[in-house]
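Remarks on the structure that follows.
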Amino acid sequence: MAPIIRVEGLTKQYKLYERKPGLWGSVSTLFSRRHRIVRAVDNISFNVAPGARVAYLGPNGAGKSTTIKILAGIVTPTSGRCEVAGVVPYRERVRNAANIGVVFGQRSQLWWDLPVADSFAILRRIYAISPAVYDKNMRLFRELLDIDQLAAVPVRKLSLGQRMRVEIAASFLHDPRVVFLDEPTIGLDAILKQAIRTLIRRMNEEVGTTIVLTSHDMDDVSEICDDLILIDKSRVVYQGTVAALNSMEQRRSVLFDYRPAPAAAEALARLAQHFPAIDAVTPQAQGRARIDFRRDALDLPALIAHLFREFDIVDFYSLAPDLEEIIRGVYQAGMPNQRAA
């Protein structure tokens, strides 16, 4: 299957002009200007399959937003090539806009002084949305985002949470083939974040919309996305699945609840002696403990069998690797560009 997003050798560089301090420096700048070249995106290449949910992640200043702006047709690259649904976005901006939806956390695509209902009516005409598609999507937005109560409110009077609900709905209104989401849940409460994540997954599953997400919220990434593209210093350092990245992490943890007793306290104290590969045994509270270990050095079935022999187990949890910590490790290790199945 052909990729719906194709990026090949994409580079974007800017001239950053330097201004000397003081009055004389300002005057001299009028006649002689110095500049340096800054590469916001540096020879990036990747593909995204139709219907994928991809997190495009990196530290601040790594080039995430610049890449999204190029794919949205807002910015023209210095060199390289990209296509979105068969369209070169910065050459055919109108065709590209018909295929995509975009949400930038700090910028609005709606009409500032108009009520929300009027903004939706304008978008309906711009995208020539059929009554069936419009009604279907509005039912979903009412169900998950409760936007009816905002219909008569001018956009400028919406709170941040209210505006983000409307922005998300507007980006999906015309059943776009691709939606770019740049920090879509920034500043929102937990309930609204969950509603937005549910909407994104529903549109992906029911319509087949390809999702490209940039976010510093790892809950957004883990709950929405199956695939990752990590960039650092404007270059791709990892491309693969979330599951494959998790499998690279050797550190694991288990948490178990047990009925306190003198024998249980003694067994807890002796646990590291029985299993030298254990990194730490940490009491969490009365009747709860956490065990940290490296999975390549410990026989996990033997540990579990030992725990159930020595403790009156009430509950048992295997803790998933911390995605944010794993990604931080990728950046610190300077992992070379690779693909993980």
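Quick note on naming: the chains in the structure tokens go A, B, ... in the order shown, residues restart at 1 in each chain, and ligands are numbered from 1 in order of appearance.
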
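Neighbouring residues of A:Ala285 at 12 Å or closer, counting only C-alpha atoms and skipping chain neighbours under 5 positions away, are A:Leu255, A:Phe256, A:Asp257, A:Tyr258, A:Arg259, A:Pro260, A:Arg290.
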
Would you pick out the contacts of stretch 216-221 of chain A at 8 Å or less, using only C-alpha atoms, so that residues sharing its chain but fewer than 4 positions from it are not included, and give the list as an NGL selection string? :A and (55 or 57 or 183 or 185 or 197 or 225 or 323-324)

All alpha helix (DSSP H) residues (DSSP, backbone) inside stretch 86-330 of chain A, as a PyMOL selection string: chain A and resi 93-99+116-126+131-145+160-172+190-207+218-224+242-248+262-274+300-310+323-330

Shell around A:Asp113 at 8 Å using only C-alpha atoms, local window under 3 positions removed, as a PDB file with N, CA and C atoms, in the first residue's frame:
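Writing the result to part.pdb gives the following:
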```
ATOM      1  N   PRO A 154     -19.762  33.557  20.546  1.00  0.00           N
ATOM      2  CA  PRO A 154     -18.666  33.983  19.661  1.00  0.00           C
ATOM      3  C   PRO A 154     -17.360  33.298  20.066  1.00  0.00           C
ATOM      4  N   VAL A 155     -16.540  32.986  19.089  1.00  0.00           N
ATOM      5  CA  VAL A 155     -15.293  32.273  19.347  1.00  0.00           C
ATOM      6  C   VAL A 155     -14.416  33.020  20.338  1.00  0.00           C
ATOM      7  N   ARG A 156     -14.399  34.351  20.257  1.00  0.00           N
ATOM      8  CA  ARG A 156     -13.524  35.145  21.131  1.00  0.00           C
ATOM      9  C   ARG A 156     -13.927  35.042  22.608  1.00  0.00           C
TER      10      ARG A 156
END
```

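Comparing the minimum interatomic distances between A:Ile126 and each of A:Ala97, A:Ala40, A:Ile327, A:Ala269, counting only C-alpha atoms, we find that A:Ala97 sits nearest.
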
What separation in Å, quoted to one decimal, exists between atom CA of A:Val41 and atom CA of A:Ile100? 21.4 Å

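Every protein or nucleic acid residue with an atom no more than 12 Å from A:Ala267, counting only C-alpha atoms and leaving out same-chain residues fewer than 2 positions away, appears here: Tyr258, Pro260, Ala261, Pro262, Ala263, Ala264, Ala265, Ala269, Arg270, Leu271, Ala272, Gln273, His274, Val281, Ala289, His306, Leu307, Phe308, Arg309, Glu310, Phe311 and Asp312 of chain A.
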
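Counting only C-alpha atoms, the residue from A:Arg19, A:Arg294, A:Arg53, A:His35 that sits nearest to A:Leu228 is A:Arg53.
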
In terms of only C-alpha atoms, the residue from A:Ala320, A:Leu213, A:Leu230, A:Leu199 at minimal distance from A:Val254 is A:Ala320

Mind dumping a table of every stretch 167-283 of chain A residue within 10 Å of stretch 70-93 of chain A, with the nearest atom pair and its distance in Å to one decimal, using only C-alpha atoms, sorted by chain and rising number, as CSV?
```
residue,atom,partner,partner_atom,distance
A:Arg177,CA,A:Ala85,CA,7.5
A:Val178,CA,A:Ala85,CA,8.0
A:Val179,CA,A:Ala72,CA,9.4
A:Phe180,CA,A:Ala72,CA,7.9
```

Store the residues of this selection in a file with C-alpha atoms, as a compact mmCIF listing (two decimals), in the first residue's frame.
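Result saved to selection-v8.txt:
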```txt
# COMPACT_ATOMS: atom_id res chain seq x y z
CA ARG A 177 -7.89 12.03 4.87
CA VAL A 178 -5.16 13.33 7.20
CA VAL A 179 -5.36 15.38 10.40
CA PHE A 180 -2.32 17.08 11.92
```
